[in-house]
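Below is the file work.cif, which contains mmCIF, N, CA and C atoms.
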data_run
loop_
_atom_site.label_atom_id
_atom_site.label_comp_id
_atom_site.auth_asym_id
_atom_site.auth_seq_id
_atom_site.Cartn_x
_atom_site.Cartn_y
_atom_site.Cartn_z
N MET A 1 0.83 -1.20 0.00
CA MET A 1 0.00 0.00 0.00
C MET A 1 0.87 1.25 0.00
N THR A 2 0.36 2.26 -0.60
CA THR A 2 1.05 3.55 -0.68
C THR A 2 0.94 4.28 0.65
N ALA A 3 2.04 4.83 1.13
CA ALA A 3 2.04 5.67 2.32
C ALA A 3 1.60 7.07 1.87
N ILE A 4 0.57 7.60 2.49
CA ILE A 4 0.02 8.90 2.09
C ILE A 4 0.16 9.90 3.22
N GLY A 5 0.77 11.03 2.90
CA GLY A 5 0.89 12.12 3.85
C GLY A 5 0.03 13.28 3.41
N PHE A 6 -0.85 13.72 4.29
CA PHE A 6 -1.66 14.91 4.01
C PHE A 6 -0.92 16.11 4.57
N TYR A 7 -0.71 17.13 3.73
CA TYR A 7 0.03 18.32 4.10
C TYR A 7 -0.91 19.52 4.07
N HIS A 8 -1.24 19.98 5.28
CA HIS A 8 -2.21 21.04 5.53
C HIS A 8 -1.49 22.39 5.45
N LEU A 9 -1.67 23.09 4.35
CA LEU A 9 -1.02 24.38 4.14
C LEU A 9 -1.77 25.46 4.91
N THR A 10 -1.11 26.05 5.89
CA THR A 10 -1.76 27.07 6.71
C THR A 10 -0.99 28.38 6.76
N THR A 11 0.33 28.35 6.58
CA THR A 11 1.13 29.56 6.74
C THR A 11 1.78 30.06 5.44
N SER A 12 1.87 29.20 4.45
CA SER A 12 2.42 29.63 3.17
C SER A 12 1.69 28.90 2.05
N PRO A 13 1.63 29.51 0.88
CA PRO A 13 0.90 28.89 -0.23
C PRO A 13 1.68 27.73 -0.85
N LEU A 14 1.01 27.01 -1.70
CA LEU A 14 1.58 25.84 -2.37
C LEU A 14 2.93 26.14 -3.03
N GLU A 15 3.02 27.24 -3.74
CA GLU A 15 4.24 27.53 -4.48
C GLU A 15 5.44 27.78 -3.57
N ARG A 16 5.22 28.07 -2.31
CA ARG A 16 6.32 28.23 -1.35
C ARG A 16 6.61 26.91 -0.62
N ALA A 17 5.59 26.12 -0.35
CA ALA A 17 5.76 24.87 0.39
C ALA A 17 6.28 23.74 -0.50
N LEU A 18 5.81 23.69 -1.73
CA LEU A 18 6.18 22.59 -2.62
C LEU A 18 7.68 22.46 -2.85
N PRO A 19 8.42 23.54 -3.11
CA PRO A 19 9.86 23.37 -3.35
C PRO A 19 10.59 22.70 -2.19
N ARG A 20 10.22 23.02 -0.97
CA ARG A 20 10.89 22.42 0.19
C ARG A 20 10.62 20.92 0.26
N LEU A 21 9.39 20.53 -0.06
CA LEU A 21 9.06 19.10 -0.05
C LEU A 21 9.77 18.37 -1.19
N LEU A 22 9.82 18.99 -2.35
CA LEU A 22 10.49 18.36 -3.49
C LEU A 22 12.00 18.24 -3.25
N GLU A 23 12.58 19.20 -2.54
CA GLU A 23 14.00 19.10 -2.19
C GLU A 23 14.24 17.85 -1.36
N LYS A 24 13.34 17.54 -0.45
CA LYS A 24 13.46 16.32 0.37
C LYS A 24 13.39 15.07 -0.50
N VAL A 25 12.49 15.07 -1.47
CA VAL A 25 12.38 13.94 -2.39
C VAL A 25 13.71 13.75 -3.12
N LEU A 26 14.26 14.84 -3.64
CA LEU A 26 15.51 14.76 -4.38
C LEU A 26 16.68 14.37 -3.50
N GLU A 27 16.69 14.84 -2.25
CA GLU A 27 17.75 14.46 -1.31
C GLU A 27 17.75 12.96 -1.07
N GLY A 28 16.57 12.34 -1.14
CA GLY A 28 16.45 10.89 -0.98
C GLY A 28 16.71 10.13 -2.28
N HIS A 29 17.18 10.83 -3.30
CA HIS A 29 17.46 10.24 -4.62
C HIS A 29 16.23 9.58 -5.21
N LYS A 30 15.09 10.22 -5.03
CA LYS A 30 13.82 9.75 -5.56
C LYS A 30 13.34 10.69 -6.66
N ARG A 31 12.30 10.25 -7.35
CA ARG A 31 11.66 11.05 -8.41
C ARG A 31 10.20 11.27 -8.02
N ALA A 32 9.62 12.34 -8.55
CA ALA A 32 8.23 12.65 -8.21
C ALA A 32 7.47 13.11 -9.44
N VAL A 33 6.18 12.82 -9.42
CA VAL A 33 5.20 13.39 -10.34
C VAL A 33 4.37 14.36 -9.53
N VAL A 34 4.21 15.59 -10.02
CA VAL A 34 3.35 16.58 -9.37
C VAL A 34 2.10 16.71 -10.23
N LEU A 35 0.98 16.26 -9.69
CA LEU A 35 -0.29 16.26 -10.40
C LEU A 35 -1.03 17.56 -10.09
N CYS A 36 -1.16 18.40 -11.11
CA CYS A 36 -1.77 19.73 -10.97
C CYS A 36 -3.21 19.72 -11.48
N GLY A 37 -4.03 20.60 -10.93
CA GLY A 37 -5.44 20.68 -11.29
C GLY A 37 -5.73 21.43 -12.58
N SER A 38 -4.75 22.17 -13.10
CA SER A 38 -4.98 22.94 -14.32
C SER A 38 -3.64 23.27 -14.98
N GLU A 39 -3.71 23.63 -16.25
CA GLU A 39 -2.51 24.07 -16.96
C GLU A 39 -1.97 25.36 -16.34
N GLU A 40 -2.88 26.22 -15.88
CA GLU A 40 -2.45 27.48 -15.25
C GLU A 40 -1.62 27.19 -14.00
N ARG A 41 -2.08 26.24 -13.19
CA ARG A 41 -1.34 25.86 -11.98
C ARG A 41 0.01 25.26 -12.36
N LEU A 42 0.00 24.38 -13.34
CA LEU A 42 1.24 23.75 -13.80
C LEU A 42 2.25 24.82 -14.24
N ASN A 43 1.81 25.77 -15.04
CA ASN A 43 2.70 26.82 -15.52
C ASN A 43 3.22 27.70 -14.38
N PHE A 44 2.35 27.98 -13.41
CA PHE A 44 2.76 28.78 -12.26
C PHE A 44 3.81 28.04 -11.43
N LEU A 45 3.56 26.76 -11.16
CA LEU A 45 4.53 25.98 -10.39
C LEU A 45 5.83 25.81 -11.16
N ASN A 46 5.73 25.63 -12.47
CA ASN A 46 6.92 25.51 -13.31
C ASN A 46 7.81 26.74 -13.11
N SER A 47 7.22 27.91 -13.14
CA SER A 47 7.99 29.15 -12.93
C SER A 47 8.54 29.22 -11.51
N SER A 48 7.74 28.84 -10.54
CA SER A 48 8.16 28.91 -9.13
C SER A 48 9.36 28.01 -8.85
N LEU A 49 9.38 26.83 -9.45
CA LEU A 49 10.46 25.89 -9.18
C LEU A 49 11.81 26.34 -9.75
N TRP A 50 11.79 27.35 -10.60
CA TRP A 50 13.04 27.91 -11.11
C TRP A 50 13.71 28.82 -10.08
N THR A 51 12.93 29.34 -9.13
CA THR A 51 13.48 30.38 -8.26
C THR A 51 13.30 30.16 -6.77
N LEU A 52 12.49 29.20 -6.34
CA LEU A 52 12.16 29.11 -4.91
C LEU A 52 12.82 27.96 -4.15
N GLY A 53 13.73 27.24 -4.76
CA GLY A 53 14.45 26.18 -4.06
C GLY A 53 15.64 26.74 -3.30
N LYS A 54 16.24 25.92 -2.44
CA LYS A 54 17.43 26.34 -1.70
C LYS A 54 18.52 26.81 -2.64
N ALA A 55 18.70 26.08 -3.72
CA ALA A 55 19.74 26.42 -4.69
C ALA A 55 19.16 27.27 -5.83
N SER A 56 17.99 27.82 -5.63
CA SER A 56 17.28 28.66 -6.60
C SER A 56 16.74 27.89 -7.80
N PHE A 57 16.91 26.58 -7.83
CA PHE A 57 16.38 25.81 -8.95
C PHE A 57 16.15 24.37 -8.51
N ILE A 58 14.99 23.86 -8.82
CA ILE A 58 14.69 22.46 -8.59
C ILE A 58 14.51 21.83 -9.97
N PRO A 59 15.33 20.84 -10.31
CA PRO A 59 15.26 20.25 -11.65
C PRO A 59 13.89 19.61 -11.89
N HIS A 60 13.26 20.03 -12.98
CA HIS A 60 11.91 19.56 -13.27
C HIS A 60 11.59 19.79 -14.75
N GLY A 61 10.49 19.22 -15.17
CA GLY A 61 10.03 19.42 -16.52
C GLY A 61 8.56 19.05 -16.65
N SER A 62 8.03 19.29 -17.85
CA SER A 62 6.65 18.97 -18.15
C SER A 62 6.58 18.57 -19.63
N ALA A 63 5.39 18.31 -20.11
CA ALA A 63 5.23 17.93 -21.51
C ALA A 63 5.78 19.00 -22.45
N ALA A 64 5.71 20.25 -22.05
CA ALA A 64 6.24 21.33 -22.87
C ALA A 64 7.75 21.23 -23.05
N ASP A 65 8.43 20.62 -22.06
CA ASP A 65 9.88 20.48 -22.11
C ASP A 65 10.32 19.18 -22.78
N GLY A 66 9.48 18.15 -22.65
CA GLY A 66 9.83 16.85 -23.19
C GLY A 66 10.86 16.12 -22.34
N ASN A 67 11.42 15.06 -22.88
CA ASN A 67 12.44 14.26 -22.20
C ASN A 67 12.00 13.81 -20.81
N ALA A 68 10.80 13.32 -20.70
CA ALA A 68 10.22 12.95 -19.40
C ALA A 68 11.11 11.99 -18.61
N ALA A 69 11.70 11.02 -19.27
CA ALA A 69 12.52 10.03 -18.57
C ALA A 69 13.72 10.66 -17.88
N ASP A 70 14.16 11.82 -18.34
CA ASP A 70 15.32 12.49 -17.76
C ASP A 70 14.95 13.46 -16.64
N GLN A 71 13.67 13.68 -16.41
CA GLN A 71 13.24 14.69 -15.44
C GLN A 71 13.02 14.06 -14.05
N PRO A 72 13.73 14.51 -13.02
CA PRO A 72 13.50 13.96 -11.68
C PRO A 72 12.15 14.39 -11.09
N ILE A 73 11.65 15.54 -11.51
CA ILE A 73 10.33 16.03 -11.10
C ILE A 73 9.54 16.28 -12.38
N TRP A 74 8.35 15.70 -12.46
CA TRP A 74 7.52 15.85 -13.66
C TRP A 74 6.21 16.53 -13.26
N LEU A 75 5.93 17.67 -13.86
CA LEU A 75 4.69 18.41 -13.62
C LEU A 75 3.69 18.03 -14.70
N THR A 76 2.46 17.72 -14.28
CA THR A 76 1.45 17.26 -15.24
C THR A 76 0.04 17.55 -14.74
N THR A 77 -0.89 17.54 -15.68
CA THR A 77 -2.31 17.60 -15.33
C THR A 77 -2.96 16.25 -15.62
N GLN A 78 -2.17 15.30 -16.10
CA GLN A 78 -2.66 13.97 -16.48
C GLN A 78 -2.23 12.93 -15.46
N ASP A 79 -2.98 11.84 -15.39
CA ASP A 79 -2.57 10.73 -14.53
C ASP A 79 -1.54 9.91 -15.32
N GLU A 80 -0.28 10.28 -15.14
CA GLU A 80 0.81 9.64 -15.87
C GLU A 80 2.05 9.60 -15.00
N ASN A 81 2.98 8.72 -15.36
CA ASN A 81 4.24 8.61 -14.64
C ASN A 81 5.36 8.34 -15.64
N PRO A 82 5.64 9.30 -16.52
CA PRO A 82 6.62 9.07 -17.57
C PRO A 82 8.08 9.13 -17.12
N ASN A 83 8.33 9.55 -15.88
CA ASN A 83 9.70 9.61 -15.36
C ASN A 83 9.98 8.52 -14.34
N SER A 84 9.11 7.51 -14.27
CA SER A 84 9.27 6.37 -13.35
C SER A 84 9.42 6.83 -11.91
N ALA A 85 8.59 7.77 -11.50
CA ALA A 85 8.62 8.31 -10.15
C ALA A 85 8.07 7.32 -9.14
N THR A 86 8.58 7.41 -7.91
CA THR A 86 8.04 6.62 -6.80
C THR A 86 7.23 7.50 -5.84
N PHE A 87 7.29 8.82 -6.04
CA PHE A 87 6.51 9.76 -5.23
C PHE A 87 5.49 10.45 -6.13
N LEU A 88 4.29 10.61 -5.60
CA LEU A 88 3.23 11.36 -6.26
C LEU A 88 2.87 12.53 -5.36
N VAL A 89 2.82 13.73 -5.93
CA VAL A 89 2.38 14.91 -5.20
C VAL A 89 1.07 15.36 -5.82
N GLN A 90 0.01 15.32 -5.03
CA GLN A 90 -1.31 15.73 -5.51
C GLN A 90 -1.59 17.15 -5.01
N THR A 91 -1.98 18.02 -5.95
CA THR A 91 -2.33 19.39 -5.61
C THR A 91 -3.74 19.66 -6.10
N ASP A 92 -4.32 20.75 -5.66
CA ASP A 92 -5.62 21.22 -6.17
C ASP A 92 -6.73 20.19 -6.03
N GLY A 93 -6.63 19.31 -5.04
CA GLY A 93 -7.67 18.30 -4.82
C GLY A 93 -7.64 17.16 -5.81
N MET A 94 -6.57 17.04 -6.57
CA MET A 94 -6.46 15.96 -7.55
C MET A 94 -6.35 14.62 -6.83
N ASP A 95 -6.82 13.59 -7.50
CA ASP A 95 -6.82 12.24 -6.95
C ASP A 95 -6.46 11.28 -8.08
N SER A 96 -5.40 10.53 -7.92
CA SER A 96 -4.92 9.65 -8.98
C SER A 96 -5.48 8.24 -8.83
N PRO A 97 -6.08 7.71 -9.90
CA PRO A 97 -6.54 6.32 -9.86
C PRO A 97 -5.39 5.32 -9.82
N THR A 98 -4.16 5.78 -10.12
CA THR A 98 -3.01 4.88 -10.09
C THR A 98 -2.16 5.11 -8.84
N LEU A 99 -2.76 5.64 -7.80
CA LEU A 99 -2.09 5.93 -6.54
C LEU A 99 -1.30 4.72 -6.02
N ASP A 100 -1.85 3.53 -6.18
CA ASP A 100 -1.21 2.32 -5.66
C ASP A 100 0.12 2.00 -6.33
N SER A 101 0.42 2.62 -7.45
CA SER A 101 1.67 2.34 -8.14
C SER A 101 2.85 3.15 -7.58
N TYR A 102 2.58 4.02 -6.60
CA TYR A 102 3.62 4.84 -6.00
C TYR A 102 3.97 4.34 -4.61
N GLU A 103 5.21 4.58 -4.22
CA GLU A 103 5.68 4.25 -2.87
C GLU A 103 5.06 5.22 -1.85
N ARG A 104 4.99 6.48 -2.25
CA ARG A 104 4.51 7.51 -1.32
C ARG A 104 3.74 8.58 -2.08
N CYS A 105 2.73 9.13 -1.43
CA CYS A 105 1.92 10.21 -1.98
C CYS A 105 1.89 11.36 -0.98
N LEU A 106 2.07 12.57 -1.47
CA LEU A 106 1.94 13.78 -0.68
C LEU A 106 0.72 14.51 -1.20
N ASP A 107 -0.28 14.66 -0.38
CA ASP A 107 -1.52 15.33 -0.75
C ASP A 107 -1.52 16.69 -0.09
N LEU A 108 -1.25 17.74 -0.87
CA LEU A 108 -1.16 19.10 -0.34
C LEU A 108 -2.48 19.83 -0.54
N PHE A 109 -3.00 20.43 0.53
CA PHE A 109 -4.27 21.15 0.42
C PHE A 109 -4.23 22.44 1.21
N ASP A 110 -4.99 23.42 0.74
CA ASP A 110 -5.04 24.77 1.30
C ASP A 110 -5.94 24.78 2.54
N GLY A 111 -5.32 24.95 3.70
CA GLY A 111 -6.07 24.97 4.95
C GLY A 111 -6.90 26.22 5.14
N ASN A 112 -6.75 27.20 4.27
CA ASN A 112 -7.53 28.43 4.36
C ASN A 112 -8.75 28.40 3.44
N ASP A 113 -8.98 27.28 2.79
CA ASP A 113 -10.10 27.10 1.86
C ASP A 113 -10.97 25.96 2.41
N GLU A 114 -12.15 26.31 2.91
CA GLU A 114 -13.03 25.32 3.55
C GLU A 114 -13.40 24.17 2.61
N GLU A 115 -13.61 24.47 1.34
CA GLU A 115 -13.93 23.41 0.38
C GLU A 115 -12.74 22.47 0.19
N ALA A 116 -11.53 23.01 0.15
CA ALA A 116 -10.33 22.18 0.00
C ALA A 116 -10.14 21.29 1.22
N VAL A 117 -10.41 21.81 2.40
CA VAL A 117 -10.29 21.03 3.63
C VAL A 117 -11.34 19.91 3.64
N ALA A 118 -12.56 20.22 3.27
CA ALA A 118 -13.62 19.20 3.23
C ALA A 118 -13.27 18.11 2.21
N ALA A 119 -12.76 18.50 1.06
CA ALA A 119 -12.38 17.52 0.04
C ALA A 119 -11.23 16.65 0.53
N ALA A 120 -10.27 17.24 1.24
CA ALA A 120 -9.15 16.47 1.79
C ALA A 120 -9.66 15.45 2.81
N ARG A 121 -10.62 15.85 3.62
CA ARG A 121 -11.21 14.90 4.59
C ARG A 121 -11.86 13.72 3.86
N GLY A 122 -12.50 14.01 2.75
CA GLY A 122 -13.12 12.94 1.96
C GLY A 122 -12.08 11.98 1.39
N ARG A 123 -10.97 12.53 0.87
CA ARG A 123 -9.90 11.68 0.36
C ARG A 123 -9.28 10.87 1.48
N TRP A 124 -9.09 11.50 2.65
CA TRP A 124 -8.53 10.80 3.82
C TRP A 124 -9.38 9.57 4.13
N LYS A 125 -10.68 9.75 4.22
CA LYS A 125 -11.58 8.63 4.56
C LYS A 125 -11.49 7.53 3.50
N THR A 126 -11.51 7.92 2.23
CA THR A 126 -11.42 6.94 1.15
C THR A 126 -10.11 6.15 1.25
N TYR A 127 -9.00 6.84 1.41
CA TYR A 127 -7.70 6.18 1.48
C TYR A 127 -7.60 5.28 2.71
N LYS A 128 -8.13 5.75 3.81
CA LYS A 128 -8.11 4.94 5.05
C LYS A 128 -8.92 3.67 4.84
N ASP A 129 -10.11 3.80 4.25
CA ASP A 129 -10.96 2.64 3.97
C ASP A 129 -10.28 1.65 3.02
N GLN A 130 -9.39 2.16 2.16
CA GLN A 130 -8.66 1.30 1.22
C GLN A 130 -7.45 0.63 1.88
N GLY A 131 -7.14 1.02 3.12
CA GLY A 131 -6.05 0.39 3.85
C GLY A 131 -4.69 1.06 3.74
N HIS A 132 -4.65 2.27 3.20
CA HIS A 132 -3.37 2.98 3.09
C HIS A 132 -2.91 3.46 4.46
N GLU A 133 -1.59 3.55 4.63
CA GLU A 133 -1.01 4.14 5.83
C GLU A 133 -1.05 5.65 5.64
N ILE A 134 -1.71 6.37 6.55
CA ILE A 134 -1.93 7.81 6.38
C ILE A 134 -1.32 8.59 7.55
N THR A 135 -0.66 9.69 7.20
CA THR A 135 -0.16 10.62 8.21
C THR A 135 -0.66 12.02 7.89
N TYR A 136 -0.65 12.86 8.90
CA TYR A 136 -1.13 14.24 8.76
C TYR A 136 -0.01 15.18 9.19
N TRP A 137 0.26 16.19 8.37
CA TRP A 137 1.28 17.18 8.65
C TRP A 137 0.67 18.57 8.53
N LYS A 138 0.95 19.42 9.50
CA LYS A 138 0.45 20.79 9.48
C LYS A 138 1.65 21.73 9.47
N GLN A 139 1.56 22.79 8.67
CA GLN A 139 2.64 23.77 8.61
C GLN A 139 2.81 24.47 9.95
N THR A 140 4.05 24.75 10.29
CA THR A 140 4.36 25.54 11.47
C THR A 140 4.56 26.99 11.03
N ASP A 141 4.61 27.88 11.99
CA ASP A 141 4.83 29.30 11.69
C ASP A 141 6.16 29.55 10.98
N SER A 142 7.12 28.66 11.20
CA SER A 142 8.44 28.82 10.57
C SER A 142 8.47 28.24 9.15
N GLY A 143 7.36 27.66 8.70
CA GLY A 143 7.32 27.09 7.36
C GLY A 143 7.69 25.61 7.34
N GLY A 144 8.00 25.05 8.48
CA GLY A 144 8.31 23.62 8.59
C GLY A 144 7.01 22.82 8.73
N TRP A 145 7.15 21.56 9.14
CA TRP A 145 5.99 20.69 9.28
C TRP A 145 5.97 20.01 10.62
N GLU A 146 4.78 19.90 11.19
CA GLU A 146 4.57 19.24 12.47
C GLU A 146 3.60 18.10 12.26
N LYS A 147 4.01 16.90 12.70
CA LYS A 147 3.14 15.74 12.53
C LYS A 147 2.00 15.80 13.53
N GLY A 148 0.80 15.56 13.03
CA GLY A 148 -0.38 15.64 13.89
C GLY A 148 -0.98 14.31 14.19
#
Please render this file's structure as structure tokens.
Amino acid sequence: MTAIGFYHLTTSPLERALPRLLEKVLEGHKRAVVLCGSEERLNFLNSSLWTLGKASFIPHGSAADGNAADQPIWLTTQDENPNSATFLVQTDGMDSPTLDSYERCLDLFDGNDEEAVAAARGRWKTYKDQGHEITYWKQTDSGGWEKG
């Protein structure tokens, strides 16, 4: 079963939190697919990942860039895994039917949006009923994460 971590964004938006999480994935010599809810979100995150990492750049690509197999981080709006990733990052309430093919899933949701919180609770219940190992993480004031 896939280990699923719910990441409750409360102090910084997705574009600030995501680079730090992706840096951890890369530090573990892993690959990730970031599943976005729209092309607009994908393009925004694509731009953000050029400037918001510790080293000012997180290596990534999307269909517009090509060479999926060479990309450690793949941004997409489709349920696909062209870079053989073991991590899935779900944003914008996205839910992958191929979730079981990943080692780990990070489900990031906006804690300041009541609809996003309600939808995350629904996904939590579904995943729990399916037998996944689930953890909950809430942002701290310093931008880190506290396990709940």
Can you check which parts of stretch 69-109 of chain A lie within 6 Å of stretch 16-34 of chain A? Per residue, the shortest pair of atoms and distance in Å to one decimal, counting only C-alpha atoms, sorted by chain and number, as JSON lines.
{"residue": "A:Pro72", "atom": "CA", "partner": "A:Arg31", "partner_atom": "CA", "distance": 4.7}
{"residue": "A:Ile73", "atom": "CA", "partner": "A:Ala32", "partner_atom": "CA", "distance": 4.9}
{"residue": "A:Trp74", "atom": "CA", "partner": "A:Val33", "partner_atom": "CA", "distance": 4.7}
{"residue": "A:Leu75", "atom": "CA", "partner": "A:Val34", "partner_atom": "CA", "distance": 4.8}
{"residue": "A:Ala85", "atom": "CA", "partner": "A:Arg31", "partner_atom": "CA", "distance": 4.4}
{"residue": "A:Thr86", "atom": "CA", "partner": "A:Arg31", "partner_atom": "CA", "distance": 5.9}
{"residue": "A:Phe87", "atom": "CA", "partner": "A:Ala32", "partner_atom": "CA", "distance": 4.5}
{"residue": "A:Leu88", "atom": "CA", "partner": "A:Val33", "partner_atom": "CA", "distance": 5.0}
{"residue": "A:Val89", "atom": "CA", "partner": "A:Val34", "partner_atom": "CA", "distance": 4.6}
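Here atom C of A:Asp100 and atom CA of A:Met1 stand 6.6 Å from one another.
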DSSP on the backbone, alpha helix (DSSP H) only: what residues of chain A does that give? Format it as a ChimeraX atom specification.
/A:14-27,39-48,114-129
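Proximity ranking of A:Lys128, A:Ser142, A:His8, A:Gly37 relative to A:Ser96 places A:Gly37 first, based on only C-alpha atoms.
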May I have the residues within 8 Å of stretch 102-111 of chain A as a PyMOL selection string, using all atoms listed in the file and disregarding those fewer than 4 positions away in the same chain?
chain A and resi 1-14+85-94+98+115-117+120
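Take the candidates A:Ala69, A:Tyr127, A:Asp113, A:Lys147 and check each one against A:Asn81 using all atoms listed in the file; the shortest distance goes to A:Ala69.
Atom CA of A:Cys36 is positioned 5.9 Å from atom CA of A:Thr76.
Atom N of A:Ser84 to atom C of A:Pro97 spans 15.3 Å [interatomic distance, one decimal].
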From the DSSP assignment of the backbone, select every residue of chain A that is strand (DSSP E), and format the answer as a PyMOL selection string.
chain A and resi 3-9+32-35+73-76+87-90+104-110+133-139+145-147
